[in-house]
file coords-v2.csv (CSV, C-alpha atoms and all ligand atoms)
chain,number,residue,atom,x,y,z
A,1,MET,CA,0.0,0.0,0.0
A,2,SER,CA,1.3,3.4,-0.9
A,3,GLU,CA,1.5,6.6,1.2
A,4,GLY,CA,-1.2,7.8,3.5
A,5,VAL,CA,-2.0,10.3,6.2
A,6,TRP,CA,-3.2,9.4,9.7
A,7,ALA,CA,-4.0,11.4,12.9
A,8,ALA,CA,-4.2,10.6,16.6
A,9,PRO,CA,-5.3,13.0,19.3
A,10,GLY,CA,-4.0,14.0,22.7
A,11,ARG,CA,-6.4,13.5,25.6
A,12,VAL,CA,-7.5,15.0,28.8
A,13,ASN,CA,-8.8,13.0,31.7
A,14,LEU,CA,-12.2,14.2,33.0
A,15,ILE,CA,-12.0,12.1,36.2
A,16,GLY,CA,-10.3,8.9,37.4
A,17,GLU,CA,-6.7,9.9,38.3
A,18,HIS,CA,-4.0,7.4,39.1
A,19,THR,CA,-6.6,4.7,39.1
A,20,ASP,CA,-5.3,3.1,35.9
A,21,TYR,CA,-2.5,1.2,37.6
A,22,ASN,CA,-4.9,0.1,40.3
A,23,ASP,CA,-7.2,-1.8,37.9
A,24,GLY,CA,-9.7,1.0,38.3
A,25,PHE,CA,-11.8,3.3,36.2
A,26,VAL,CA,-10.8,6.3,34.1
A,27,MET,CA,-12.8,8.7,31.9
A,28,PRO,CA,-10.7,10.6,29.3
A,29,PHE,CA,-11.9,12.3,26.2
A,30,ALA,CA,-9.9,13.1,23.0
A,31,LEU,CA,-8.7,16.7,22.4
A,32,PRO,CA,-9.0,18.4,19.0
A,33,HIS,CA,-5.2,18.6,19.1
A,34,THR,CA,-3.6,15.8,17.0
A,35,THR,CA,-0.4,14.3,15.9
A,36,VAL,CA,-0.5,13.7,12.1
A,37,ALA,CA,1.7,11.1,10.4
A,38,THR,CA,2.4,11.0,6.7
A,39,ALA,CA,3.7,7.6,6.2
A,40,ALA,CA,4.7,5.1,3.5
A,41,ARG,CA,5.9,1.5,3.5
A,42,ARG,CA,9.5,0.8,2.5
A,43,ASP,CA,10.9,-2.6,1.6
A,44,ASP,CA,14.6,-2.1,2.6
A,45,GLY,CA,14.0,-2.7,6.4
A,46,LEU,CA,14.7,0.9,7.3
A,47,LEU,CA,12.6,3.0,9.6
A,48,ARG,CA,13.0,6.7,8.7
A,49,LEU,CA,11.6,9.1,11.2
A,50,HIS,CA,11.2,12.9,11.0
A,51,SER,CA,9.2,15.3,13.2
A,52,ALA,CA,8.5,18.9,12.5
A,53,SER,CA,8.4,19.5,16.2
A,54,VAL,CA,12.1,18.5,16.6
A,55,GLY,CA,15.1,20.3,15.0
A,56,GLY,CA,17.4,18.4,12.7
A,57,GLY,CA,16.9,15.9,9.9
A,58,ALA,CA,15.4,12.5,9.7
A,59,VAL,CA,16.7,9.6,11.8
A,60,GLU,CA,17.2,6.2,10.2
A,61,LEU,CA,17.0,3.0,12.2
A,62,ARG,CA,17.2,-0.7,11.1
A,63,VAL,CA,13.9,-2.4,12.0
A,64,ALA,CA,15.7,-5.7,12.7
A,65,ASP,CA,18.0,-4.0,15.2
A,66,LEU,CA,15.3,-2.5,17.4
A,67,THR,CA,15.7,-3.8,20.9
A,68,PRO,CA,14.6,-2.5,24.3
A,69,GLY,CA,17.4,-1.0,26.3
A,70,HIS,CA,19.1,0.1,23.1
A,71,GLY,CA,16.8,3.0,22.6
A,72,THR,CA,18.4,6.4,21.8
A,73,ARG,CA,16.6,8.1,24.7
A,74,SER,CA,15.2,10.5,22.2
A,75,TRP,CA,11.8,11.2,20.7
A,76,THR,CA,12.4,8.4,18.1
A,77,ASP,CA,12.1,5.8,20.9
A,78,TYR,CA,8.3,6.3,20.8
A,79,PRO,CA,7.6,5.3,17.2
A,80,ALA,CA,10.6,2.9,17.1
A,81,GLY,CA,9.1,1.2,20.3
A,82,VAL,CA,5.8,0.7,18.5
A,83,VAL,CA,7.5,-1.0,15.6
A,84,TRP,CA,9.4,-3.2,18.1
A,85,ALA,CA,6.2,-4.0,20.1
A,86,LEU,CA,4.3,-5.0,16.9
A,87,ARG,CA,7.2,-7.2,15.7
A,88,ASP,CA,7.7,-8.7,19.2
A,89,ALA,CA,4.0,-9.7,19.2
A,90,GLY,CA,4.6,-11.6,15.9
A,91,HIS,CA,3.3,-9.0,13.4
A,92,GLU,CA,5.2,-8.8,10.2
A,93,VAL,CA,6.2,-5.1,10.1
A,94,GLY,CA,9.1,-4.0,8.0
A,95,GLY,CA,10.4,-0.5,7.1
A,96,ALA,CA,8.5,2.7,6.8
A,97,ASP,CA,9.0,6.4,6.2
A,98,PHE,CA,7.3,8.7,8.8
A,99,HIS,CA,6.8,12.4,8.9
A,100,PHE,CA,5.0,13.7,12.0
A,101,GLU,CA,3.4,17.1,12.6
A,102,SER,CA,1.7,17.8,15.9
A,103,THR,CA,-0.5,20.4,17.6
A,104,VAL,CA,-0.6,18.4,20.9
A,105,PRO,CA,1.4,20.4,23.5
A,106,THR,CA,4.3,18.1,24.7
A,107,GLY,CA,5.0,17.4,28.3
A,108,ALA,CA,1.7,19.2,29.4
A,109,GLY,CA,0.0,16.1,30.7
A,110,LEU,CA,-2.1,16.0,27.5
A,111,SER,CA,-0.5,12.8,26.2
A,112,SER,CA,1.5,13.8,23.2
A,113,SER,CA,3.5,10.6,23.7
A,114,ALA,CA,0.4,8.4,23.2
A,115,ALA,CA,-0.7,10.4,20.2
A,116,LEU,CA,2.7,9.8,18.7
A,117,GLU,CA,2.6,6.1,19.4
A,118,VAL,CA,-1.0,5.5,18.4
A,119,VAL,CA,-0.6,7.4,15.1
A,120,THR,CA,2.4,5.2,14.3
A,121,ALA,CA,0.5,2.0,15.2
A,122,LEU,CA,-2.5,3.0,13.1
A,123,ALA,CA,-0.4,3.8,10.1
A,124,LEU,CA,1.5,0.5,10.3
A,125,ASN,CA,-1.7,-1.4,10.8
A,126,ASP,CA,-2.9,-0.1,7.5
A,127,LEU,CA,0.4,-0.1,5.6
A,128,TYR,CA,1.1,-3.7,6.6
A,129,GLU,CA,-2.5,-4.8,6.7
A,130,LEU,CA,-2.3,-6.2,10.2
A,131,GLY,CA,-6.0,-6.1,10.9
A,132,LEU,CA,-5.5,-5.1,14.6
A,133,GLU,CA,-8.4,-3.9,16.8
A,134,ARG,CA,-8.1,-0.5,18.4
A,135,TRP,CA,-7.8,-1.8,22.0
A,136,ARG,CA,-5.0,-4.2,20.9
A,137,MET,CA,-3.1,-1.4,19.2
A,138,ALA,CA,-3.4,0.6,22.4
A,139,ARG,CA,-2.0,-2.3,24.4
A,140,LEU,CA,1.0,-2.6,22.1
A,141,CYS,CA,1.6,1.1,22.3
A,142,GLN,CA,1.6,1.0,26.1
A,143,ARG,CA,4.1,-1.9,25.9
A,144,ALA,CA,6.3,0.3,23.6
A,145,GLU,CA,6.2,3.1,26.2
A,146,ASN,CA,6.7,0.8,29.2
A,147,VAL,CA,9.4,-1.5,27.8
A,148,TYR,CA,11.1,0.4,25.0
A,149,VAL,CA,10.9,4.0,26.1
A,150,GLY,CA,11.1,2.9,29.8
A,151,ALA,CA,8.2,5.0,31.2
A,152,PRO,CA,5.9,3.0,33.6
A,153,THR,CA,2.5,4.4,32.4
A,154,GLY,CA,-0.9,2.8,32.6
A,155,ILE,CA,-3.2,2.0,29.7
A,156,MET,CA,-5.4,5.1,29.7
A,157,ASP,CA,-3.5,7.4,27.4
A,158,GLN,CA,-3.1,5.0,24.5
A,159,THR,CA,-6.7,3.7,24.8
A,160,ALA,CA,-8.0,7.3,24.8
A,161,SER,CA,-6.1,8.3,21.7
A,162,ALA,CA,-7.1,5.1,19.9
A,163,CYS,CA,-10.7,4.6,21.0
A,164,CYS,CA,-12.4,8.0,22.0
A,165,THR,CA,-15.3,9.3,19.9
A,166,ALA,CA,-16.5,12.8,19.3
A,167,GLY,CA,-19.0,14.2,21.8
A,168,HIS,CA,-18.2,11.5,24.3
A,169,ALA,CA,-16.0,10.7,27.2
A,170,LEU,CA,-14.7,7.2,27.3
A,171,HIS,CA,-15.4,5.1,30.4
A,172,LEU,CA,-12.7,2.6,30.6
A,173,ASP,CA,-12.4,-0.3,33.0
A,174,THR,CA,-8.6,-0.7,33.1
A,175,ARG,CA,-8.9,-4.3,34.5
A,176,ASP,CA,-10.8,-5.9,31.6
A,177,LEU,CA,-10.5,-3.0,29.1
A,178,SER,CA,-14.2,-2.9,28.6
A,179,GLN,CA,-15.3,0.5,27.3
A,180,ARG,CA,-18.4,2.7,27.3
A,181,GLN,CA,-18.9,5.9,25.3
A,182,ILE,CA,-20.6,8.3,27.7
A,183,PRO,CA,-22.3,11.4,26.1
A,184,PHE,CA,-20.5,14.5,27.0
A,185,ASP,CA,-21.9,17.2,24.8
A,186,LEU,CA,-20.9,20.5,26.5
A,187,ALA,CA,-22.0,22.9,23.8
A,188,ALA,CA,-25.6,21.7,23.9
A,189,LEU,CA,-25.8,22.7,27.5
A,190,GLY,CA,-24.0,26.1,27.2
A,191,LEU,CA,-21.0,24.7,29.0
A,192,GLU,CA,-17.3,24.7,28.3
A,193,LEU,CA,-14.4,22.8,29.6
A,194,LEU,CA,-11.2,24.8,29.8
A,195,VAL,CA,-7.8,23.2,29.9
A,196,VAL,CA,-5.2,25.3,31.7
A,197,ASP,CA,-1.7,24.2,31.0
A,198,THR,CA,0.4,25.6,33.8
A,199,ARG,CA,3.6,25.1,31.8
A,200,VAL,CA,5.4,23.9,34.8
A,201,LYS,CA,6.7,20.4,35.5
A,202,HIS,CA,8.4,20.0,38.9
A,203,ALA,CA,11.6,18.0,38.5
A,204,HIS,CA,10.9,15.2,41.0
A,205,SER,CA,7.7,14.0,39.4
A,206,ASP,CA,9.0,10.7,38.0
A,207,GLY,CA,10.2,9.4,41.3
A,208,GLU,CA,7.0,10.5,43.1
A,209,TYR,CA,4.9,8.6,40.5
A,210,GLY,CA,6.9,5.4,41.3
A,211,LYS,CA,6.4,6.0,45.1
A,212,ARG,CA,2.6,6.4,44.7
A,213,ARG,CA,2.5,3.3,42.6
A,214,ALA,CA,4.5,1.2,45.1
A,215,GLY,CA,2.3,2.6,47.9
A,216,CYS,CA,-0.9,1.5,46.2
A,217,GLU,CA,0.6,-1.9,45.6
A,218,ALA,CA,1.6,-2.2,49.3
A,219,ALA,CA,-2.0,-1.2,50.3
A,220,ALA,CA,-3.5,-3.8,48.1
A,221,ALA,CA,-1.1,-6.5,49.4
A,222,GLN,CA,-1.9,-5.5,53.1
A,223,LEU,CA,-5.6,-5.8,52.4
A,224,GLY,CA,-5.2,-9.1,50.6
A,225,VAL,CA,-6.6,-8.0,47.3
A,226,ALA,CA,-5.2,-8.1,43.8
A,227,ALA,CA,-5.6,-4.3,43.3
A,228,LEU,CA,-7.2,-1.4,45.2
A,229,ARG,CA,-10.0,-1.6,42.6
A,230,ASP,CA,-11.3,-4.6,44.7
A,231,ILE,CA,-12.1,-2.4,47.7
A,232,SER,CA,-15.6,-1.1,47.3
A,233,TYR,CA,-16.6,2.4,48.4
A,234,GLU,CA,-18.8,0.8,51.1
A,235,ALA,CA,-15.9,-1.3,52.4
A,236,LEU,CA,-13.5,1.7,52.6
A,237,PRO,CA,-13.9,2.6,56.3
A,238,GLN,CA,-13.1,-1.0,57.3
A,239,ALA,CA,-10.2,-1.2,54.9
A,240,LEU,CA,-8.7,2.1,56.2
A,241,GLY,CA,-8.9,0.7,59.7
A,242,ARG,CA,-6.6,-2.1,58.7
A,243,LEU,CA,-3.9,0.0,57.1
A,244,THR,CA,-1.5,1.2,59.8
A,245,ASP,CA,0.8,3.5,57.8
A,246,PRO,CA,-0.9,6.9,57.4
A,247,GLU,CA,0.7,7.6,54.0
A,248,ILE,CA,-0.4,4.3,52.6
A,249,ARG,CA,-3.9,4.7,54.1
A,250,ALA,CA,-4.2,8.1,52.4
A,251,LEU,CA,-3.2,6.7,49.0
A,252,ALA,CA,-5.8,3.9,49.3
A,253,LYS,CA,-8.5,6.4,50.3
A,254,HIS,CA,-7.8,8.4,47.2
A,255,ILE,CA,-8.0,5.5,44.8
A,256,VAL,CA,-11.2,4.0,46.3
A,257,THR,CA,-13.0,7.4,46.5
A,258,GLU,CA,-11.8,8.3,43.0
A,259,ASN,CA,-13.3,5.1,41.5
A,260,HIS,CA,-16.5,6.0,43.2
A,261,ARG,CA,-16.3,9.6,41.8
A,262,VAL,CA,-15.9,8.1,38.2
A,263,GLU,CA,-19.1,6.1,38.7
A,264,ARG,CA,-21.0,9.2,40.1
A,265,VAL,CA,-19.8,11.3,37.1
A,266,VAL,CA,-21.0,8.6,34.7
A,267,SER,CA,-24.4,8.4,36.2
A,268,HIS,CA,-24.8,12.2,36.1
A,269,LEU,CA,-23.7,12.4,32.5
A,270,GLU,CA,-26.0,9.6,31.5
A,271,SER,CA,-29.0,11.5,32.9
A,272,GLY,CA,-27.8,14.7,31.2
A,273,GLU,CA,-27.0,16.4,34.5
A,274,VAL,CA,-23.6,17.8,33.4
A,275,HIS,CA,-23.7,20.7,35.8
A,276,ALA,CA,-23.8,18.2,38.7
A,277,ILE,CA,-20.3,16.9,38.0
A,278,GLY,CA,-18.7,20.3,39.1
A,279,PRO,CA,-18.6,19.5,42.8
A,280,ILE,CA,-17.3,16.0,42.0
A,281,LEU,CA,-14.4,17.5,40.1
A,282,ASN,CA,-13.7,19.7,43.1
A,283,GLU,CA,-13.7,16.7,45.5
A,284,GLY,CA,-11.3,14.9,43.1
A,285,HIS,CA,-8.9,17.8,43.3
A,286,ALA,CA,-9.0,17.9,47.1
A,287,SER,CA,-8.3,14.2,47.2
A,288,LEU,CA,-5.3,14.5,44.9
A,289,ARG,CA,-4.0,17.5,46.8
A,290,ASP,CA,-4.6,16.3,50.4
A,291,ASP,CA,-4.5,12.4,50.2
A,292,PHE,CA,-2.6,11.5,47.1
A,293,ARG,CA,-0.4,14.6,47.5
A,294,ILE,CA,0.5,15.2,43.9
A,295,SER,CA,-0.7,18.7,43.3
A,296,CYS,CA,1.4,21.8,43.3
A,297,PRO,CA,0.9,25.5,44.0
A,298,GLU,CA,0.3,26.3,40.4
A,299,LEU,CA,-2.4,23.6,40.0
A,300,ASP,CA,-4.1,24.6,43.2
A,301,LEU,CA,-4.1,28.2,42.1
A,302,VAL,CA,-6.0,27.3,38.8
A,303,VAL,CA,-8.6,25.5,40.9
A,304,ASP,CA,-9.0,28.2,43.6
A,305,SER,CA,-9.0,31.2,41.2
A,306,SER,CA,-11.4,29.7,38.7
A,307,LEU,CA,-13.9,28.6,41.5
A,308,ALA,CA,-13.7,32.0,43.1
A,309,ALA,CA,-14.7,33.5,39.7
A,310,GLY,CA,-17.8,31.2,39.4
A,311,ALA,CA,-16.5,28.1,37.7
A,312,LEU,CA,-18.7,25.0,38.2
A,313,GLY,CA,-15.8,22.7,39.1
A,314,ALA,CA,-12.1,22.3,38.6
A,315,ARG,CA,-9.3,19.9,39.2
A,316,MET,CA,-5.8,19.0,38.3
A,317,THR,CA,-5.6,16.3,35.6
A,318,GLY,CA,-2.8,13.9,34.6
A,319,GLY,CA,0.2,12.8,36.6
A,320,GLY,CA,0.5,15.8,38.8
A,321,PHE,CA,3.4,18.2,40.0
A,322,GLY,CA,2.6,20.5,37.1
A,323,GLY,CA,1.0,20.0,33.7
A,324,SER,CA,-2.7,20.9,33.3
A,325,ALA,CA,-5.9,21.5,35.2
A,326,ILE,CA,-9.4,21.4,33.8
A,327,VAL,CA,-12.2,23.9,34.6
A,328,LEU,CA,-15.9,23.4,33.9
A,329,THR,CA,-17.7,26.6,33.3
A,330,ASP,CA,-20.8,28.2,31.8
A,331,VAL,CA,-20.1,29.8,28.5
A,332,SER,CA,-21.2,33.2,30.0
A,333,THR,CA,-18.8,32.9,32.9
A,334,LYS,CA,-15.8,31.8,30.9
A,335,PRO,CA,-14.3,35.3,30.3
A,336,THR,CA,-14.4,36.1,34.1
A,337,VAL,CA,-12.9,32.7,34.9
A,338,THR,CA,-10.1,33.1,32.4
A,339,LYS,CA,-9.3,36.6,33.6
A,340,SER,CA,-9.3,35.4,37.2
A,341,VAL,CA,-6.8,32.6,36.5
A,342,LEU,CA,-4.5,34.9,34.5
A,343,GLU,CA,-4.6,37.6,37.1
A,344,ALA,CA,-3.9,35.1,39.9
A,345,PHE,CA,-0.9,33.7,38.0
A,346,ALA,CA,0.4,37.2,37.3
A,347,ALA,CA,0.0,38.2,41.0
A,348,ALA,CA,2.0,35.1,42.0
A,349,SER,CA,4.7,35.8,39.4
A,350,TYR,CA,4.1,32.4,37.8
A,351,ARG,CA,4.5,31.7,34.0
A,352,VAL,CA,1.6,32.8,31.9
A,353,PRO,CA,-0.6,29.6,31.6
A,354,ARG,CA,-1.9,28.4,28.3
A,355,ILE,CA,-5.7,28.2,28.4
A,356,PHE,CA,-7.9,26.6,25.7
A,357,SER,CA,-11.4,25.2,25.4
A,358,ALA,CA,-11.6,21.5,24.9
A,359,THR,CA,-14.5,19.8,22.9
A,360,PRO,CA,-14.6,16.0,23.0
A,361,ALA,CA,-13.0,15.1,19.6
A,362,PRO,CA,-12.7,11.9,17.6
A,363,GLY,CA,-10.1,9.3,18.3
A,364,ALA,CA,-7.4,8.2,15.9
A,365,THR,CA,-8.3,8.1,12.2
A,366,ARG,CA,-7.0,7.8,8.7
A,367,LEU,CA,-7.2,11.1,6.9
A,368,SER,CA,-6.3,10.1,3.4
B,1,LIG,P1,3.0,14.0,27.4
B,1,LIG,O1,2.7,12.7,26.9
B,1,LIG,O2,2.2,14.4,28.6
B,1,LIG,O3,3.0,15.1,26.4
B,1,LIG,P2,5.5,12.7,27.9
B,1,LIG,O4,6.7,13.1,28.6
B,1,LIG,O5,4.9,11.4,28.1
B,1,LIG,O6,4.5,13.9,28.0
B,1,LIG,O7,5.9,12.7,26.3
B,1,LIG,C1,6.5,13.8,25.7
B,1,LIG,C2,7.6,13.3,24.8
B,1,LIG,O8,7.0,12.6,23.6
B,1,LIG,C3,8.4,14.5,24.2
B,1,LIG,O9,9.4,14.9,25.0
B,1,LIG,C4,8.9,13.8,22.9
B,1,LIG,O10,10.1,13.0,23.2
B,1,LIG,C5,7.8,12.9,22.5
B,1,LIG,N1,6.9,13.5,21.5
B,1,LIG,C6,5.6,13.7,21.6
B,1,LIG,N2,5.1,14.3,20.5
B,1,LIG,C7,6.1,14.4,19.6
B,1,LIG,C8,6.2,14.9,18.2
B,1,LIG,N3,5.2,15.4,17.5
B,1,LIG,N4,7.5,14.9,17.7
B,1,LIG,C9,8.5,14.4,18.4
B,1,LIG,N5,8.5,13.9,19.6
B,1,LIG,C10,7.3,13.9,20.2
B,2,MG,MG,2.9,10.8,27.9
call {"tool": "encode", "arguments": {"input": "coords-v2.csv", "output": "structure tokens"}}
result
Amino acid sequence: MSEGVWAAPGRVNLIGEHTDYNDGFVMPFALPHTTVATAARRDDGLLRLHSASVGGGAVELRVADLTPGHGTRSWTDYPAGVVWALRDAGHEVGGADFHFESTVPTGAGLSSSAALEVVTALALNDLYELGLERWRMARLCQRAENVYVGAPTGIMDQTASACCTAGHALHLDTRDLSQRQIPFDLAALGLELLVVDTRVKHAHSDGEYGKRRAGCEAAAAQLGVAALRDISYEALPQALGRLTDPEIRALAKHIVTENHRVERVVSHLESGEVHAIGPILNEGHASLRDDFRISCPELDLVVDSSLAAGALGARMTGGGFGGSAIVLTDVSTKPTVTKSVLEAFAAASYRVPRIFSATPAPGATRLS
């Protein structure tokens, strides 16, 4: 098959934070921002990668030489990792030319890495006629990021980029990967969801992620369950009584209450009560700030300043320690909310945040 063009979006997570490595629930939706790949098959076994977002020329790698641990520690590890993961799973993928262009902000917690992986997988799936299902491509992309790139991420980002649909948030059970498309049509209700990219990333974030993950695993082990997903909201008080370490207890409390919040948001959205999710977003932020302890002053300021200006709800989203927050607001209140956030950041002498409105967009697709 000759050349084609494919696109895969970034994502924002509406609710369900740090639940994806606890076998729990997440609810991302796709952003209108995409990574676009123009790609063609080549039969000389070479993978030629070029990105408009990165300076310099194309990078050429031999497909047969791709091995985890021998990555270049550069952006090319993401697409090269996808080729490796496909081949390692027994799919006959050879060489290809890839040119990437992206409007997904990188490193802002909006999953530019998954967009890059998923667009690569989708293109190779067509170019080499692999016939893979979306969820399967997402799994292989996660494997590329975990094993080849070396980043211990859950399954949410890749599934969101591959499987979201326009006008919906994706309810994903990260244990069995079952999915439900939940209507999330903001415009019809006169609402907007703002993404506020704080443009900060505090340096220690990777180590802190590992600590949270280990703490959650320790909690599950002490409670005798496979994962914290297995503790129901009703059983939480009893479970907390059995955890002696206060830090581990707080981590478990966040995960169990967060899974419950996802279910509450789903039931409100399914009955068209979008306004009602505002307070749940606020509770989610408080839980991430006080129990999971992964917020930072910039994220807290987005939440506090937007709520003070009349936003319906706000919370940090993504891994934490920087990145982005989301704010749910009436269209009529949006200018006041935006102004309040910008003024608060200026008063605190923080970097000017990037604020944009996010409409639930389609997942990955072939453009031509
Ligand atoms: P996030 O996924 O939140 O944006 P990550 O740290 O997971 O942040 O991934 C960002 C990295 O992904 C970048 O540093 C870069 O290596 C790579 N990347 C993402 N998009 C592109 C792109 N269009 N071109 C080149 N590299 C990209
Ligand atoms: Mg990422």
call {"tool": "atom_distance", "arguments": {"input": "coords-v2.csv", "atom1": "CA of Thr329 in chain A", "atom2": "atom O3 of ligand LIG 1 (chain B)"}}
result
24.7 Å
call {"tool": "residues_near_ligand", "arguments": {"input": "coords-v2.csv", "ligand": "ligand LIG 1 (chain B)", "cutoff": "6 Å", "atoms": "only C-alpha atoms and all ligand atoms", "output": "PyMOL selection string"}}
result
chain A and resi 35+51+53-54+74-75+100-102+106-113+116
call {"tool": "closest_residue", "arguments": {"input": "coords-v2.csv", "among": "A:Trp6, A:Tyr78, A:Tyr21, A:Phe98", "to": "ligand MG 2 (chain B)", "atoms": "only C-alpha atoms and all ligand atoms"}}
result
A:Tyr78
call {"tool": "residues_near_point", "arguments": {"input": "coords-v2.csv", "point": "(-8.0, 25.5, 39.4)", "cutoff": "8 Å", "atoms": "all atoms listed in the file", "output": "list in words"}}
result
Leu299, Asp300, Leu301, Val302, Val303, Asp304, Ser305, Ser306, Leu307, Ala314, Arg315, Met316, Ala325, Ile326, Val327 and Val341 of chain A
call {"tool": "residues_around", "arguments": {"input": "coords-v2.csv", "residues": "range 346-362 of chain A", "least_positions_apart": "5", "cutoff": "8 Å", "atoms": "only C-alpha atoms", "output": "list in words"}}
result
Pro9, Phe29, Ala30, Leu31, Pro32, Cys164, Thr165, Ala166, Gly167, His168, Ala169, Phe184, Asp185, Leu186, Glu192, Leu193, Leu194, Val195, Val196, Asp197, Thr198, Arg199, Val200, Glu298 and Thr338 of chain A
call {"tool": "atom_distance", "arguments": {"input": "coords-v2.csv", "atom1": "CA of Thr333 in chain A", "atom2": "CA of Gly310 in chain A"}}
result
6.8 Å
call {"tool": "closest_residue", "arguments": {"input": "coords-v2.csv", "among": "A:Pro335, A:Pro246, A:Gly150, A:Gly69", "to": "ligand MG 2 (chain B)", "atoms": "all atoms listed in the file"}}
result
A:Gly150
call {"tool": "residues_near_ligand", "arguments": {"input": "coords-v2.csv", "ligand": "ligand MG 2 (chain B)", "cutoff": "12 Å", "atoms": "all atoms listed in the file", "output": "PyMOL selection string"}}
result
chain A and resi 10-12+75+78+104-118+141-142+144-146+149-158+160-161+206+318-319+323
call {"tool": "residues_around", "arguments": {"input": "coords-v2.csv", "residues": "Thr174 in chain A", "least_positions_apart": "3", "cutoff": "9 Å", "atoms": "only C-alpha atoms", "output": "list in words"}}
result
Thr19, Asp20, Tyr21, Asn22, Asp23, Gly24, Phe25, Val26, Gly154, Ile155, Met156, Leu177, Ser178 and Gln179 of chain A
call {"tool": "closest_residue", "arguments": {"input": "coords-v2.csv", "among": "A:Ser267, A:Thr72, A:Thr120, A:Asn13", "to": "Ala39 in chain A", "atoms": "all atoms listed in the file"}}
result
A:Thr120
call {"tool": "residues_near_point", "arguments": {"input": "coords-v2.csv", "point": "(-8.5, 21.1, 48.7)", "cutoff": "10 Å", "atoms": "only C-alpha atoms", "output": "VMD selection string"}}
result
chain A and resid 282 to 291 295 300 303 to 304 315
call {"tool": "residues_around", "arguments": {"input": "coords-v2.csv", "residues": "Glu60 in chain A", "least_positions_apart": "3", "cutoff": "10 Å", "atoms": "all atoms listed in the file", "output": "PyMOL selection string"}}
result
chain A and resi 46-50+57+63+76+96-97
call {"tool": "residues_around", "arguments": {"input": "coords-v2.csv", "residues": "Lys253 in chain A", "least_positions_apart": "5", "cutoff": "12 Å", "atoms": "all atoms listed in the file", "output": "PyMOL selection string"}}
result
chain A and resi 19+215-216+219-220+228-229+231-241+243+246-248+258-261+284+286-288+290-293
call {"tool": "write_last_selection", "arguments": {"input": "coords-v2.csv", "atoms": "C-alpha atoms", "output": "compact mmCIF listing (two decimals), keeping the file's coordinate frame"}}
result
# COMPACT_ATOMS: atom_id res chain seq x y z
CA THR A 19 -6.60 4.70 39.10
CA GLY A 215 2.30 2.60 47.90
CA CYS A 216 -0.90 1.50 46.20
CA ALA A 219 -2.00 -1.20 50.30
CA ALA A 220 -3.50 -3.80 48.10
CA LEU A 228 -7.20 -1.40 45.20
CA ARG A 229 -10.00 -1.60 42.60
CA ILE A 231 -12.10 -2.40 47.70
CA SER A 232 -15.60 -1.10 47.30
CA TYR A 233 -16.60 2.40 48.40
CA GLU A 234 -18.80 0.80 51.10
CA ALA A 235 -15.90 -1.30 52.40
CA LEU A 236 -13.50 1.70 52.60
CA PRO A 237 -13.90 2.60 56.30
CA GLN A 238 -13.10 -1.00 57.30
CA ALA A 239 -10.20 -1.20 54.90
CA LEU A 240 -8.70 2.10 56.20
CA GLY A 241 -8.90 0.70 59.70
CA LEU A 243 -3.90 0.00 57.10
CA PRO A 246 -0.90 6.90 57.40
CA GLU A 247 0.70 7.60 54.00
CA ILE A 248 -0.40 4.30 52.60
CA GLU A 258 -11.80 8.30 43.00
CA ASN A 259 -13.30 5.10 41.50
CA HIS A 260 -16.50 6.00 43.20
CA ARG A 261 -16.30 9.60 41.80
CA GLY A 284 -11.30 14.90 43.10
CA ALA A 286 -9.00 17.90 47.10
CA SER A 287 -8.30 14.20 47.20
CA LEU A 288 -5.30 14.50 44.90
CA ASP A 290 -4.60 16.30 50.40
CA ASP A 291 -4.50 12.40 50.20
CA PHE A 292 -2.60 11.50 47.10
CA ARG A 293 -0.40 14.60 47.50
call {"tool": "closest_residue", "arguments": {"input": "coords-v2.csv", "among": "A:Glu17, A:Gly313, A:His254, A:Trp135", "to": "Asp176 in chain A", "atoms": "all atoms listed in the file"}}
result
A:Trp135
call {"tool": "atom_distance", "arguments": {"input": "coords-v2.csv", "atom1": "CA of Ala188 in chain A", "atom2": "CA of Val331 in chain A"}}
result
10.8 Å
call {"tool": "closest_residue", "arguments": {"input": "coords-v2.csv", "among": "A:Gly45, A:Leu127, A:Leu191, A:Val36", "to": "Lys334 in chain A", "atoms": "only C-alpha atoms"}}
result
A:Leu191
call {"tool": "closest_residue", "arguments": {"input": "coords-v2.csv", "among": "A:Arg264, A:His202, A:Arg134, A:His99", "to": "His171 in chain A", "atoms": "all atoms listed in the file"}}
result
A:Arg264
